[in-house]
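Here the structure comes first, spelled out in structure tokens, and everything after it is commentary.
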Amino acid sequence: MGLTTRILIGLVLGVIAGLGLGEGGVKFATTWVGPLGTIFMNMIKMIIVPLVFSSLVVGVAGLGDIKKIGRVGVKTLVYYLATTAVAIVIGLILGSLVVPGAGLTVPGNVKAAAKAAPPIMKVITDIFPTNVLDSMVKANMLQIICFAMFFGIGAVAVGEKAKPLMNICDGLAEVCYKIVGYIMQFAPIGVFGLICPVVAKNGPAVLLPLLKVIVCVYVGCFLHAVIVYGGLLQCVGHFSPIKFFKTIAPAQLIAFTSCSSSGTLPVSMQCAKKLGVNDDIASFVLPLGATINMDGTALYQGVCALFVAQIYGVELTAAQYGVIVITGTLASIGTAGVPGAGFIMLTMILTALGLPLEGSALIAGIDRVLDMPRTCVNITGDNMVAYLVDKSEKERK
């Protein structure tokens, strides 16, 4: 039985147990069942900082000589990061319109409070840390991501002398991946422990928002593919979006069913060849996209971050919306390829916003259902960028 199936079973059993206990069993659920969820969330919090730092450093350094990569690398990164930012905005818009967490409250004494909106320039300057260790202790995600990117770029510039250090970072990243795998094995029990007290307190009313979240993510992924990808193909690439989607349909189906961008890569390469993309461009853009392009996941972050804020009764400020966009965009590089990457990204964004991570437990049980459309969107974006970059390079000749 797969992990996602076990997590879904844990969610269902938690809902059933919570409904069975009812309001009279809230104390029992909070005292004896809730700690299982607390242990799970503590383990997630434990690994976030070393995971983000090590994986992002390795990801940035893995790009190689940035000067050598030249135009192709710059174009690829701009397309990937720009479309990721747009995807988060679409998720935030849908989350604001549908309001999936409206009317839902969570039990316990932990309540989130919206932070005062700082000036936009303070938000920008606060991205750059003055003390990296302090940023890590306080789990300041934006500052950790900023330092990790500079660290990776510096390692690339130093070259051979930095290889021992990069081997250490690579080893740390692999250890973190393994630990995340262990933690996710405990996820079914953790989800059970987190959802049971919530359902016991709120009853069936807690279930409707989950359906709203699913609808938001699926509709958002469809709109992003049609409007953003289709628009870029039509306006920039002068290529029929319908023909494009028909050509890459095999890769989309594999991605939708497997929920793995890396696993879909061989099929994506074949589809890119049918689109007329040169092999050298496809062999660079598509593997890079499987690593750092997470448009579907980013859109999911926008919806889920608003969902968690809404169930805690938090009105997010304009600056906090900006934090979601910046953190989600940059984090898409640092968490790619990690088991449970979408869930890890969500905890990073919630941490950056100062929201309780316990709210993410409601999302964990339906993560597989949400993973299907977002992976499909991810690989669609990979092929779209490969086509546009290849076309621009051909036009220079």
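A note on labels: chains of the structure tokens are A, B, ... as shown, every chain counts residues from 1, and ligands are counted from 1 in their shown order.
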**Contacts of Gly193 in chain A within 6 Å, only C-alpha atoms, excl. fewer than 6 positions in-chain, as a PyMOL selection string** = chain A and resi 33-34+36-37
Output file for the selection above: C-alpha atoms, as a short mmCIF file (atom, residue, chain, number, x, y, z; two decimals), in the first residue's frame:
```cif
data_model
loop_
_atom_site.label_atom_id
_atom_site.label_comp_id
_atom_site.auth_asym_id
_atom_site.auth_seq_id
_atom_site.Cartn_x
_atom_site.Cartn_y
_atom_site.Cartn_z
CA VAL A 33 -4.78 11.65 20.16
CA GLY A 34 -3.57 15.19 19.46
CA LEU A 36 0.52 12.13 17.75
CA GLY A 37 -0.03 15.03 15.38
#
```
List as CSV every residue of range 173-258 of chain A that is in contact with range 8-25 of chain A, defined as an atom at most 7 Å from one of its atoms (using only C-alpha atoms), together with the nearest atom pair and the distance in Å rounded to one decimal, sorted by chain and then rising number.
```
residue,atom,partner,partner_atom,distance
A:Pro188,CA,A:Gly10,CA,4.7
A:Ile189,CA,A:Gly10,CA,6.2
A:Val191,CA,A:Leu11,CA,5.9
A:Phe192,CA,A:Gly14,CA,4.5
A:Gly193,CA,A:Gly14,CA,7.0
A:Ile195,CA,A:Gly14,CA,5.6
A:Cys196,CA,A:Gly18,CA,4.5
A:Pro197,CA,A:Gly18,CA,6.1
A:Val199,CA,A:Gly18,CA,4.8
A:Ala200,CA,A:Gly18,CA,4.1
A:Lys201,CA,A:Glu23,CA,5.5
A:Gly203,CA,A:Leu19,CA,5.9
```
Using only C-alpha atoms, find each residue in range 268-311 of chain A having at least one atom no more than 12 Å away from range 353-370 of chain A; report its shortest atom-to-atom pair and that distance in Å (one decimal), rows by chain then rising number, as a tab-separated table.
```
residue	atom	partner	partner_atom	distance
A:Gly296	CA	A:Leu370	CA	9.3
A:Thr297	CA	A:Leu370	CA	8.8
A:Ala298	CA	A:Leu370	CA	11.8
A:Leu299	CA	A:Leu370	CA	10.6
A:Tyr300	CA	A:Leu370	CA	7.7
A:Gln301	CA	A:Ile363	CA	10.6
A:Val303	CA	A:Ile363	CA	10.6
A:Cys304	CA	A:Ile363	CA	7.5
A:Ala305	CA	A:Ser360	CA	8.6
A:Leu306	CA	A:Leu355	CA	10.4
A:Phe307	CA	A:Gly359	CA	8.5
A:Val308	CA	A:Gly359	CA	5.4
A:Ala309	CA	A:Leu355	CA	6.9
A:Gln310	CA	A:Gly359	CA	9.9
A:Ile311	CA	A:Gly359	CA	7.7
```
Deliver the residues from the most recent selection as a file, using C-alpha atoms, as a compact mmCIF listing (two decimals), in the first residue's frame.
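Contents of again.txt, as written:
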```txt
# COMPACT_ATOMS: atom_id res chain seq x y z
CA GLY A 296 1.25 23.62 -10.35
CA THR A 297 2.70 23.17 -6.89
CA ALA A 298 3.09 26.95 -6.52
CA LEU A 299 -0.56 27.50 -7.40
CA TYR A 300 -1.47 24.88 -4.81
CA GLN A 301 0.60 26.80 -2.23
CA VAL A 303 -4.72 28.25 -2.37
CA CYS A 304 -3.61 26.27 0.69
CA ALA A 305 -1.84 29.19 2.40
CA LEU A 306 -5.05 31.22 2.19
CA PHE A 307 -7.05 28.21 3.37
CA VAL A 308 -4.93 27.87 6.51
CA ALA A 309 -5.04 31.62 7.16
CA GLN A 310 -8.83 31.57 6.81
CA ILE A 311 -9.39 28.68 9.23
```
**Complete:** For Thr375 in chain A, the closest of A:Val180, A:Leu346, A:Cys259, A:Val72 counting only C-alpha atoms is A:Cys259
**Request:** Using only C-alpha atoms, pick whichever of A:Val60, A:Leu388, A:Phe28, A:Thr38 has the shortest atom-to-atom distance to Val156 in chain A.
**Result:**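 The shortest atom-to-atom distance to Val156 in chain A comes from A:Val60.
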**Request:** Extract, using only C-alpha atoms, all DNA, RNA and protein residues at most 10 Å from Asn131 in chain A, discarding same-chain residues fewer than 3 positions from it, and format them as a PyMOL selection string.
**Result:** chain A and resi 128+134-136+143+147
Residues of the last selection are to be written out with C-alpha atoms, as a PDB file, in the first residue's frame.
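Dumped to out_30.pdb:
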```pdb
ATOM      1  CA  PHE A 128      18.854  39.866   3.000  1.00  0.00           C
ATOM      2  CA  ASP A 134      20.070  33.926  13.615  1.00  0.00           C
ATOM      3  CA  SER A 135      17.955  33.496  10.464  1.00  0.00           C
ATOM      4  CA  MET A 136      18.253  29.723  10.764  1.00  0.00           C
ATOM      5  CA  GLN A 143      16.625  35.010   4.459  1.00  0.00           C
ATOM      6  CA  PHE A 147      21.792  33.138   1.641  1.00  0.00           C
TER       7      PHE A 147
END
```
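In terms of minimum interatomic distance to Ser261 in chain A, A:Ile292 ranks closest within A:Ile281, A:Ile292, A:Val158, A:Ile248, counting only C-alpha atoms.
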**Message:** Show me, as a list in words, the residues that have an atom within 12 Å of Val175 in chain A when counting only C-alpha atoms, minus same-chain residues fewer than 4 positions from it.
**Reply:** Ile47, Pro50, Leu51, Ser54, Ser55, Ile168, Cys169, Asp170, Gly171, Ile179, Val180, Gly181, Tyr182 and Val338 of chain A
**Request:** Have a look at A:Ala290, A:Ala148, A:Val325, A:Ala155 and name the one nearest to Asn167 in chain A; count only C-alpha atoms.
**Result:**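 That would be A:Ala155, the residue with the smallest distance to Asn167 in chain A.
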**Request:** Considering only C-alpha atoms, state which residue in the set A:Ala61, A:Ile48, A:Met121, A:Ile127 is at the smallest distance from Cys176 in chain A.
**Result:**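 For Cys176 in chain A, the nearest of the given residues is A:Ile48.
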